[in-house]
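The structure file query-v7.cif is reproduced below (mmCIF, C-alpha atoms).
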```cif
data_input
#
loop_
_atom_site.label_atom_id
_atom_site.label_comp_id
_atom_site.auth_asym_id
_atom_site.auth_seq_id
_atom_site.Cartn_x
_atom_site.Cartn_y
_atom_site.Cartn_z
CA MET Y 1 90.22 101.63 85.03
CA LYS Y 2 92.80 104.05 86.46
CA SER Y 3 94.44 101.59 88.86
CA PHE Y 4 94.43 97.86 89.47
CA ILE Y 5 95.24 96.68 92.97
CA ASN Y 6 92.28 94.76 94.37
CA VAL Y 7 89.52 92.52 93.01
CA GLN Y 8 87.02 95.39 93.23
CA ASP Y 9 89.00 97.29 90.60
CA ILE Y 10 88.17 94.73 87.90
CA GLY Y 11 84.43 95.31 88.19
CA PRO Y 12 81.90 92.47 87.80
CA LEU Y 13 83.91 89.27 88.07
CA GLU Y 14 81.79 87.27 85.62
CA LYS Y 15 82.37 89.89 82.94
CA ALA Y 16 86.13 89.92 83.59
CA MET Y 17 86.27 86.12 83.39
CA ALA Y 18 84.33 86.09 80.11
CA GLU Y 19 86.76 88.66 78.75
CA ALA Y 20 89.69 86.51 79.85
CA PHE Y 21 88.44 83.50 77.90
CA GLU Y 22 87.66 85.70 74.90
CA ILE Y 23 91.25 86.97 74.89
CA LYS Y 24 92.61 83.46 75.41
CA ASN Y 25 90.82 82.39 72.22
CA ASP Y 26 92.26 85.35 70.28
CA ARG Y 27 95.21 87.00 72.01
CA PHE Y 28 95.71 89.62 69.29
CA LYS Y 29 92.09 90.71 68.87
CA TYR Y 30 92.65 94.07 70.58
CA GLN Y 31 96.05 94.94 69.09
CA HIS Y 32 94.72 98.26 67.84
CA LEU Y 33 94.24 99.52 71.40
CA GLY Y 34 97.98 99.65 72.13
CA LYS Y 35 99.21 101.14 68.86
CA ASN Y 36 101.69 103.96 69.60
CA LYS Y 37 101.19 103.45 73.34
CA THR Y 38 103.95 102.56 75.81
CA LEU Y 39 103.91 100.47 78.97
CA MET Y 40 106.62 101.10 81.54
CA MET Y 41 107.32 98.15 83.87
CA ILE Y 42 109.21 99.15 87.02
CA PHE Y 43 110.86 96.42 89.07
CA PHE Y 44 112.17 97.05 92.57
CA ASN Y 45 112.39 93.26 92.98
CA ASN Y 46 113.20 90.15 90.94
CA SER Y 47 110.71 88.56 88.60
CA LEU Y 48 110.32 85.80 86.03
CA ARG Y 49 106.63 85.11 85.32
CA THR Y 50 105.47 88.66 86.01
CA ARG Y 51 108.10 90.19 83.76
CA LEU Y 52 107.58 87.77 80.88
CA SER Y 53 103.79 87.53 81.03
CA THR Y 54 103.23 91.28 81.40
CA GLN Y 55 105.56 92.14 78.56
CA LYS Y 56 103.93 89.48 76.36
CA ALA Y 57 100.45 90.74 77.19
CA ALA Y 58 101.40 94.32 76.33
CA MET Y 59 102.95 93.22 73.05
CA ASN Y 60 99.84 91.19 72.19
CA LEU Y 61 97.90 94.43 72.63
CA GLY Y 62 100.21 96.29 70.26
CA MET Y 63 102.15 98.26 72.89
CA ASN Y 64 105.77 99.31 73.13
CA VAL Y 65 107.36 98.20 76.40
CA ILE Y 66 110.07 99.81 78.56
CA VAL Y 67 111.47 97.74 81.45
CA LEU Y 68 113.28 99.51 84.29
CA ASP Y 69 115.17 97.46 86.89
CA VAL Y 70 115.59 99.94 89.71
CA ASN Y 71 118.42 97.96 91.28
CA ALA Y 72 120.31 97.25 88.04
CA GLY Y 73 121.53 100.26 86.11
CA ALA Y 74 119.24 102.97 87.50
CA TRP Y 75 120.03 105.49 90.22
CA LYS Y 76 119.28 104.16 93.67
CA LEU Y 77 115.97 105.64 94.73
CA GLU Y 78 115.02 107.13 98.07
CA THR Y 79 111.38 106.44 98.98
CA GLU Y 80 111.04 108.22 102.34
CA ARG Y 81 110.10 111.87 102.78
CA GLY Y 82 112.14 114.16 105.02
CA VAL Y 83 115.40 112.23 104.91
CA ILE Y 84 118.78 113.89 104.38
CA MET Y 85 120.00 112.23 101.21
CA ASP Y 86 123.67 111.91 102.14
CA GLY Y 87 123.86 108.15 101.61
CA ASP Y 88 124.01 105.94 98.52
CA LYS Y 89 120.58 106.97 97.15
CA SER Y 90 121.02 109.66 94.50
CA GLU Y 91 117.44 110.34 93.41
CA HIS Y 92 114.14 110.65 95.20
CA LEU Y 93 111.12 108.73 94.05
CA LEU Y 94 109.11 111.96 94.07
CA GLU Y 95 111.18 113.33 91.18
CA ALA Y 96 111.72 109.97 89.47
CA ILE Y 97 108.02 109.07 89.30
CA PRO Y 98 106.77 112.09 87.30
CA VAL Y 99 109.78 111.74 85.00
CA MET Y 100 108.84 108.11 84.34
CA GLY Y 101 105.30 109.25 83.62
CA CYS Y 102 106.60 111.51 80.85
CA TYR Y 103 107.81 108.49 78.86
CA CYS Y 104 104.81 106.17 78.95
CA ASP Y 105 101.04 105.75 78.95
CA LEU Y 106 100.66 102.99 81.57
CA ILE Y 107 102.85 101.96 84.51
CA GLY Y 108 103.22 98.56 86.20
CA VAL Y 109 104.98 98.50 89.59
CA ARG Y 110 106.60 95.60 91.44
CA SER Y 111 107.72 96.46 94.96
CA PHE Y 112 107.78 93.90 97.76
CA ALA Y 113 107.18 94.33 101.47
CA GLY Y 114 110.14 95.23 103.64
CA LEU Y 115 108.66 93.02 106.41
CA THR Y 116 109.99 95.28 109.16
CA ASP Y 117 107.32 98.00 109.39
CA ARG Y 118 103.79 96.64 109.06
CA GLU Y 119 102.17 100.06 108.94
CA TYR Y 120 104.48 101.19 106.11
CA ASP Y 121 103.94 98.00 104.11
CA TYR Y 122 100.17 97.83 104.53
CA ALA Y 123 99.84 101.50 103.56
CA GLU Y 124 101.34 100.49 100.17
CA THR Y 125 103.63 103.51 100.48
CA VAL Y 126 105.63 102.97 97.28
CA LEU Y 127 102.69 102.01 95.05
CA GLN Y 128 100.56 104.89 96.29
CA GLN Y 129 103.28 107.38 95.37
CA PHE Y 130 103.18 106.11 91.77
CA ILE Y 131 99.40 106.44 91.70
CA LYS Y 132 99.58 109.97 93.13
CA TYR Y 133 102.52 111.45 91.22
CA SER Y 134 102.91 109.64 87.88
CA GLY Y 135 99.85 111.04 86.13
CA ARG Y 136 99.36 107.62 84.53
CA PRO Y 137 97.16 104.57 85.18
CA VAL Y 138 99.06 102.21 87.49
CA PHE Y 139 98.69 98.49 88.08
CA ALA Y 140 100.27 96.22 90.69
CA MET Y 141 102.78 93.60 89.52
CA GLU Y 142 103.02 92.45 93.18
CA THR Y 143 103.30 94.97 95.94
CA ALA Y 144 103.85 94.95 99.67
CA THR Y 145 100.43 93.40 100.34
CA VAL Y 146 98.83 92.18 97.09
CA HIS Y 147 99.48 90.33 93.83
CA PRO Y 148 96.19 90.69 91.90
CA LEU Y 149 97.50 89.59 88.50
CA GLN Y 150 98.45 86.26 90.06
CA ALA Y 151 95.13 85.83 91.84
CA PHE Y 152 93.20 86.65 88.67
CA ALA Y 153 95.23 84.02 86.78
CA ASP Y 154 94.61 81.55 89.61
CA LEU Y 155 90.87 82.04 89.27
CA ILE Y 156 91.03 81.57 85.48
CA THR Y 157 92.95 78.31 86.05
CA ILE Y 158 90.46 77.03 88.61
CA GLU Y 159 87.56 77.82 86.28
CA GLU Y 160 89.20 76.00 83.36
CA SER Y 161 90.15 72.96 85.41
CA TRP Y 162 86.76 72.73 87.10
CA LYS Y 163 84.94 72.84 83.75
CA ARG Y 164 87.14 70.04 82.43
CA THR Y 165 86.50 68.00 85.57
CA VAL Y 166 82.71 68.28 85.71
CA GLY Y 167 81.89 69.02 82.07
CA ASN Y 168 80.48 72.19 80.61
CA GLY Y 169 77.00 73.03 81.77
CA SER Y 170 76.89 70.42 84.54
CA ALA Y 171 74.89 71.39 87.60
CA VAL Y 172 77.30 70.57 90.42
CA ALA Y 173 78.32 72.02 93.73
CA ARG Y 174 80.92 74.76 93.92
CA PRO Y 175 84.53 73.58 94.04
CA LYS Y 176 86.20 73.50 97.42
CA VAL Y 177 89.39 75.58 97.31
CA VAL Y 178 91.92 75.44 100.13
CA LEU Y 179 94.74 77.91 100.72
CA THR Y 180 97.34 76.19 102.88
CA TRP Y 181 100.39 77.63 104.58
CA ALA Y 182 103.57 75.60 104.11
CA PRO Y 183 107.05 75.98 105.63
CA HIS Y 184 109.88 77.97 104.08
CA CYS Y 185 113.50 78.83 104.86
CA ARG Y 186 113.03 82.58 104.32
CA ALA Y 187 110.57 85.19 105.50
CA LEU Y 188 108.13 85.80 102.64
CA PRO Y 189 105.47 88.51 102.26
CA GLN Y 190 101.73 87.92 102.45
CA ALA Y 191 100.93 89.45 99.03
CA VAL Y 192 100.06 86.21 97.20
CA PRO Y 193 97.90 84.68 99.95
CA ASN Y 194 96.23 88.05 100.59
CA SER Y 195 95.17 88.45 96.97
CA PHE Y 196 94.26 84.78 96.55
CA ALA Y 197 91.98 85.03 99.58
CA GLN Y 198 90.45 88.25 98.31
CA TRP Y 199 89.69 86.85 94.84
CA MET Y 200 88.40 83.50 96.14
CA ASN Y 201 86.02 85.34 98.46
CA ALA Y 202 84.68 87.19 95.43
CA ALA Y 203 84.32 84.00 93.38
CA ASP Y 204 81.71 81.25 93.55
CA VAL Y 205 83.79 78.73 95.51
CA ASP Y 206 83.79 77.08 98.93
CA PHE Y 207 86.92 78.70 100.35
CA VAL Y 208 89.00 77.52 103.33
CA ILE Y 209 92.28 78.89 104.71
CA THR Y 210 94.50 76.66 106.84
CA HIS Y 211 97.67 77.62 108.71
CA PRO Y 212 99.33 77.27 112.11
CA GLU Y 213 97.91 79.39 114.90
CA GLY Y 214 99.43 82.86 114.91
CA TYR Y 215 99.68 83.07 111.10
CA GLU Y 216 96.28 84.72 110.64
CA LEU Y 217 96.07 86.92 107.55
CA ASP Y 218 94.68 90.44 107.79
CA PRO Y 219 90.88 90.32 108.23
CA GLN Y 220 90.37 92.59 105.20
CA PHE Y 221 91.65 89.73 103.02
CA VAL Y 222 90.30 86.75 104.99
CA GLY Y 223 86.77 88.07 104.53
CA ASN Y 224 84.19 85.31 104.80
CA ALA Y 225 86.64 82.43 104.38
CA ARG Y 226 86.54 79.60 106.88
CA VAL Y 227 89.81 79.38 108.84
CA GLU Y 228 90.81 75.86 109.89
CA TYR Y 229 93.91 75.20 112.00
CA ASP Y 230 93.74 71.45 111.43
CA GLN Y 231 95.29 70.97 107.99
CA ARG Y 232 93.83 67.51 107.50
CA LYS Y 233 90.30 68.73 108.18
CA ALA Y 234 90.82 71.59 105.75
CA PHE Y 235 92.05 69.27 103.00
CA GLU Y 236 89.19 66.77 103.30
CA GLY Y 237 87.09 66.83 100.13
CA ALA Y 238 89.09 69.66 98.56
CA ASP Y 239 89.10 70.06 94.78
CA PHE Y 240 92.00 72.53 94.70
CA ILE Y 241 94.95 72.91 97.06
CA TYR Y 242 96.85 76.19 96.82
CA ALA Y 243 100.08 75.94 98.81
CA LYS Y 244 101.98 79.08 99.79
CA ASN Y 245 104.25 80.19 102.57
CA TRP Y 246 103.91 83.55 104.23
CA SER Y 247 105.78 85.10 107.13
CA ASN Y 248 103.90 86.07 110.26
CA PRO Y 249 101.38 88.80 109.33
CA GLY Y 250 101.51 90.29 112.83
CA VAL Y 251 97.74 90.31 113.23
CA THR Y 252 97.63 88.56 116.60
CA ASN Y 253 101.02 89.89 117.74
CA PRO Y 254 102.36 92.98 115.88
CA ALA Y 255 105.87 92.32 117.20
CA ASP Y 256 105.96 89.10 115.13
CA TYR Y 257 105.32 90.86 111.82
CA GLY Y 258 107.58 89.52 109.06
CA LYS Y 259 109.12 86.84 111.27
CA ILE Y 260 109.28 83.08 110.81
CA THR Y 261 107.48 81.79 113.88
CA SER Y 262 106.95 78.26 112.57
CA LYS Y 263 108.98 75.85 110.43
CA ASP Y 264 106.70 72.87 110.99
CA MET Y 265 107.56 70.45 108.17
CA SER Y 266 104.37 68.47 108.78
CA TRP Y 267 102.64 71.22 106.75
CA THR Y 268 104.65 70.35 103.60
CA VAL Y 269 102.20 69.15 100.94
CA ASP Y 270 103.03 65.55 100.07
CA THR Y 271 101.20 62.55 98.61
CA GLU Y 272 99.55 61.73 101.92
CA HIS Y 273 98.20 65.26 102.21
CA MET Y 274 96.77 65.10 98.69
CA SER Y 275 95.15 61.72 99.47
CA TRP Y 276 92.87 63.57 101.90
CA THR Y 277 91.39 65.59 99.02
CA ASN Y 278 88.77 64.85 96.37
CA ASN Y 279 91.44 63.97 93.81
CA GLY Y 280 92.44 67.60 94.23
CA LYS Y 281 94.54 69.69 91.88
CA PHE Y 282 97.75 71.20 93.25
CA MET Y 283 98.45 74.91 92.71
CA HIS Y 284 101.32 77.28 93.49
CA CYS Y 285 102.27 80.68 92.11
CA LEU Y 286 105.97 79.71 91.57
CA PRO Y 287 108.86 79.84 92.17
CA VAL Y 288 108.50 77.02 94.66
CA ARG Y 289 111.00 75.50 97.09
CA ARG Y 290 110.63 71.79 96.44
CA ASN Y 291 110.42 69.52 99.46
CA LEU Y 292 109.71 72.50 101.69
CA ILE Y 293 106.42 73.75 100.23
CA VAL Y 294 105.63 70.62 98.21
CA THR Y 295 107.28 67.30 97.49
CA ASP Y 296 108.62 66.35 94.06
CA ASP Y 297 105.99 63.68 93.51
CA VAL Y 298 103.10 66.09 94.10
CA ILE Y 299 104.32 68.95 91.92
CA GLU Y 300 105.23 66.51 89.14
CA SER Y 301 101.96 64.59 89.34
CA PRO Y 302 99.20 64.76 86.71
CA ASN Y 303 97.14 66.71 89.24
CA SER Y 304 99.66 69.55 89.38
CA ILE Y 305 98.41 72.54 87.39
CA VAL Y 306 101.20 74.98 88.20
CA ILE Y 307 102.27 75.37 84.55
CA PRO Y 308 98.80 76.21 83.15
CA GLU Y 309 98.46 78.52 86.15
CA ALA Y 310 101.67 80.34 85.16
CA ALA Y 311 100.59 80.48 81.51
CA ASN Y 312 97.36 82.21 82.51
CA ARG Y 313 99.36 85.14 83.87
CA GLU Y 314 99.52 86.38 80.27
CA ILE Y 315 95.73 86.26 80.08
CA SER Y 316 94.97 88.01 83.37
CA CYS Y 317 97.41 90.77 82.50
CA SER Y 318 95.94 91.14 79.02
CA VAL Y 319 92.50 91.85 80.48
CA VAL Y 320 93.89 94.46 82.88
CA ILE Y 321 95.99 96.28 80.28
CA LYS Y 322 93.10 96.17 77.78
CA ARG Y 323 90.78 97.77 80.33
CA MET Y 324 93.32 100.50 81.06
CA LEU Y 325 93.93 101.24 77.39
CA GLU Y 326 90.19 101.53 76.80
CA ALA Y 327 89.99 104.12 79.59
CA LEU Y 328 92.74 106.39 78.19
#
```

Full structure transcribed into structure tokens:
Amino acid sequence: MKSFINVQDIGPLEKAMAEAFEIKNDRFKYQHLGKNKTLMMIFFNNSLRTRLSTQKAAMNLGMNVIVLDVNAGAWKLETERGVIMDGDKSEHLLEAIPVMGCYCDLIGVRSFAGLTDREYDYAETVLQQFIKYSGRPVFAMETATVHPLQAFADLITIEESWKRTVGNGSAVARPKVVLTWAPHCRALPQAVPNSFAQWMNAADVDFVITHPEGYELDPQFVGNARVEYDQRKAFEGADFIYAKNWSNPGVTNPADYGKITSKDMSWTVDTEHMSWTNNGKFMHCLPVRRNLIVTDDVIESPNSIVIPEAANREISCSVVIKRMLEAL
């Protein structure tokens, strides 16, 4: 595996899931793969779970780890071609990237959407430069449009929780999984919902997306999901509720891209919302704005699985890094 961006990159999903549970049972089984190998983690944006879980996964696999915070201690990097570099950016990414590649064996990149230029963001301009010029396998630690490590961990969490709910080996219907938009005070990217939709479409679940009109995600990620604008109808009978805000994706109106075009607090997930479900589990990628996205009582309830979900980030990343080490 030379790059990891989308669900297709992981290969057969059943095999990847089996590998995830194998690693979860013995996190140090493949330590030999990373001996004398180095992972470089490059952060253009802040992180907590991604930084900690990725570093832990690499260490479990025997790797050395270098962490570079581009905005804290490094030269400011120019990412655009053809610009006259007479501002505050001292180094161009096109020189920095191959230099970084000299010091490592794998590269993880975290670079959020700017939310001003949809074409630039959805072309994954920064990530693609790393893939093209680093000479190293590259994986996404959340980019302008996707967060596959999170979505993979989400799927692991759903699988675990569903097995506990119905019992191993039980012949039951697929779980109903609902991705719901919720209000937020800031404009957020679509990376998490995009990847969650992509991975749920690839999984054996009944998948529904609900959001206000005008917040339609890009069709390449929506896939075969059912889109329901009535949140209550979407929630009815749901086994898992995944709440997440995203700014306007600009699909129906490109001029709205990256804007907040709704702050409807009736979409906040509270106890009443969860009462519409089939005793559903609550999920969120974290960090979460309490009492905007979800109320205190819901996220603190026994049906909240946000902590196991975060813990599984170590496992999803372990599978990805293992696959990349095996391909070196």

Item to check | Close residues, Asp256 (chain Y) itself excluded, 12 Å, all atoms listed in the file, min 2 positions apart in chain, as a list in words | outcome: Leu115, Thr116, Asp117, Arg118, Ala187, Gly214, Tyr215, Glu216, Ser247, Asn248, Pro249, Gly250, Val251, Thr252, Asn253, Pro254, Gly258, Lys259, Ile260, Thr261 and Ser262 of chain Y

Next on the checklist: Using all atoms listed in the file, list the residues that have an atom at most 12 Å from (113.9, 91.1, 92.9), coordinates as in the file, as number ranges by chain.
Outcome noted: Y: 42-48, 50-51, 69-72, 110-113, 141-143

Item to check | Hits from the PyMOL selection byres ((chain Y and resi 16) around 10), listed as a PyMOL selection string | outcome: chain Y and resi 10-15+17-22+152+156+316+319-320+323

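Our summary of the geometry notes that CA of Trp199 (chain Y) is positioned 19.5 Å from CA of Arg49 (chain Y).
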
Checklist entry - What residues come out when you apply the PyMOL selection byres ((chain Y and resi 243) around 7) to this file, written as a list in words? => result Leu179, Thr180, Trp181, Ala182, Ile241, Tyr242, Lys244, Met283, His284 and Ile293 of chain Y

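Separating CA of Ala191 (chain Y) from CA of Leu286 (chain Y) is a distance of 13.3 Å.
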
Per-residue nearest contacts of region 85-150 of chain Y to region 295-315 of chain Y (12 Å; all atoms listed in the file) as CSV:
```
residue,atom,partner,partner_atom,distance
Y:Met141,CA,Y:Arg313,CA,10.7
Y:His147,CA,Y:Arg313,CA,11.2
Y:Pro148,CA,Y:Arg313,CA,10.3
Y:Leu149,CA,Y:Arg313,CA,6.7
Y:Gln150,CA,Y:Arg313,CA,6.4
```

Checklist entry - Any idea what's packed within 9 Å of Lys76 (chain Y), counting all atoms listed in the file, ignoring anything in its chain fewer than 6 positions away? Could you give it as a list in words? => result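 Surrounding residues, per the criterion: Val70, Asp88, Lys89, Ser90, Glu91 and His92 of chain Y.
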
Item to check | Sphere at (95.1, 95.2, 74.6), radius 7 Å, counting only C-alpha atoms: residues as a list in words | outcome: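 Here the neighbourhood of the point contains Tyr30, Gln31, Leu33, Gly34, Ala58, Asn60, Leu61, Gly62, Ser318, Ile321, Lys322 and Leu325 of chain Y.
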
Item to check | Residue nearest Val288 (chain Y) among Y:Pro175, Y:Pro183, Y:Pro212, Y:Pro219 (counting all atoms listed in the file) | outcome: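 Looking only at the distances to Val288 (chain Y), the closest residue turns out to be Y:Pro183.
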
Checklist entry - Interatomic distance between CA of Thr38 (chain Y) and CA of Ser195 (chain Y)? => result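 Distance reported for this atom pair: 26.9 Å.
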
Next on the checklist: Counting all atoms listed in the file, which residue out of Y:Met40, Y:Leu127, Y:Leu68, Y:Leu217 sits closest to Pro193 (chain Y)?
Outcome noted: Y:Leu217

Checklist entry - Exactly which residues make up the result of the PyMOL selection byres ((chain Y and resi 177) around 7) on this file, given as a ChimeraX atom specification? => result /Y:175-176,178-179,205-208,238-241

Mind filling out region 12-33 of chain Y with N, CA, C and O atoms and sending it as a compact mmCIF listing (two decimals), in the frame of the given file?
```
# COMPACT_ATOMS: atom_id res chain seq x y z
N PRO Y 12 82.60 93.76 87.69
CA PRO Y 12 81.90 92.47 87.80
C PRO Y 12 82.80 91.32 87.38
O PRO Y 12 83.36 91.30 86.28
N LEU Y 13 82.95 90.35 88.28
CA LEU Y 13 83.91 89.27 88.07
C LEU Y 13 83.52 88.37 86.90
O LEU Y 13 84.38 87.92 86.14
N GLU Y 14 82.23 88.11 86.74
CA GLU Y 14 81.79 87.27 85.62
C GLU Y 14 82.16 87.89 84.28
O GLU Y 14 82.58 87.19 83.35
N LYS Y 15 82.02 89.20 84.18
CA LYS Y 15 82.37 89.89 82.94
C LYS Y 15 83.87 89.81 82.69
O LYS Y 15 84.31 89.58 81.55
N ALA Y 16 84.67 89.99 83.73
CA ALA Y 16 86.13 89.92 83.59
C ALA Y 16 86.57 88.52 83.18
O ALA Y 16 87.48 88.36 82.35
N MET Y 17 85.91 87.49 83.74
CA MET Y 17 86.27 86.12 83.39
C MET Y 17 85.90 85.82 81.95
O MET Y 17 86.66 85.18 81.21
N ALA Y 18 84.73 86.29 81.50
CA ALA Y 18 84.33 86.09 80.11
C ALA Y 18 85.32 86.76 79.17
O ALA Y 18 85.68 86.22 78.12
N GLU Y 19 85.78 87.94 79.55
CA GLU Y 19 86.76 88.66 78.75
C GLU Y 19 88.08 87.91 78.69
O GLU Y 19 88.75 87.87 77.66
N ALA Y 20 88.45 87.29 79.80
CA ALA Y 20 89.69 86.51 79.85
C ALA Y 20 89.65 85.36 78.85
O ALA Y 20 90.61 85.12 78.11
N PHE Y 21 88.53 84.64 78.82
CA PHE Y 21 88.44 83.50 77.90
C PHE Y 21 88.31 83.96 76.45
O PHE Y 21 88.79 83.28 75.54
N GLU Y 22 87.70 85.12 76.24
CA GLU Y 22 87.66 85.70 74.90
C GLU Y 22 89.08 86.00 74.41
O GLU Y 22 89.45 85.66 73.28
N ILE Y 23 89.87 86.62 75.25
CA ILE Y 23 91.25 86.97 74.89
C ILE Y 23 92.09 85.71 74.71
O ILE Y 23 92.95 85.64 73.83
N LYS Y 24 91.83 84.69 75.54
CA LYS Y 24 92.61 83.46 75.41
C LYS Y 24 92.34 82.80 74.06
O LYS Y 24 93.24 82.15 73.49
N ASN Y 25 91.16 82.96 73.53
CA ASN Y 25 90.82 82.39 72.22
C ASN Y 25 91.41 83.20 71.07
O ASN Y 25 91.62 82.66 69.98
N ASP Y 26 91.68 84.48 71.32
CA ASP Y 26 92.26 85.35 70.28
C ASP Y 26 93.09 86.43 70.97
O ASP Y 26 92.59 87.51 71.29
N ARG Y 27 94.35 86.12 71.21
CA ARG Y 27 95.21 87.00 72.01
C ARG Y 27 95.54 88.32 71.33
O ARG Y 27 96.02 89.25 71.98
N PHE Y 28 95.33 88.41 70.02
CA PHE Y 28 95.71 89.62 69.29
C PHE Y 28 94.49 90.41 68.81
O PHE Y 28 94.62 91.33 68.01
N LYS Y 29 93.33 90.09 69.33
CA LYS Y 29 92.09 90.71 68.87
C LYS Y 29 92.07 92.22 69.12
O LYS Y 29 91.47 92.98 68.34
N TYR Y 30 92.73 92.65 70.20
CA TYR Y 30 92.65 94.07 70.58
C TYR Y 30 93.98 94.80 70.36
O TYR Y 30 94.28 95.77 71.04
N GLN Y 31 94.76 94.34 69.38
CA GLN Y 31 96.05 94.94 69.09
C GLN Y 31 95.96 96.43 68.81
O GLN Y 31 96.88 97.18 69.13
N HIS Y 32 94.87 96.85 68.21
CA HIS Y 32 94.72 98.26 67.84
C HIS Y 32 94.72 99.19 69.05
O HIS Y 32 95.08 100.36 68.94
N LEU Y 33 94.34 98.66 70.21
CA LEU Y 33 94.24 99.52 71.40
C LEU Y 33 95.61 100.06 71.84
O LEU Y 33 95.70 101.17 72.36
```
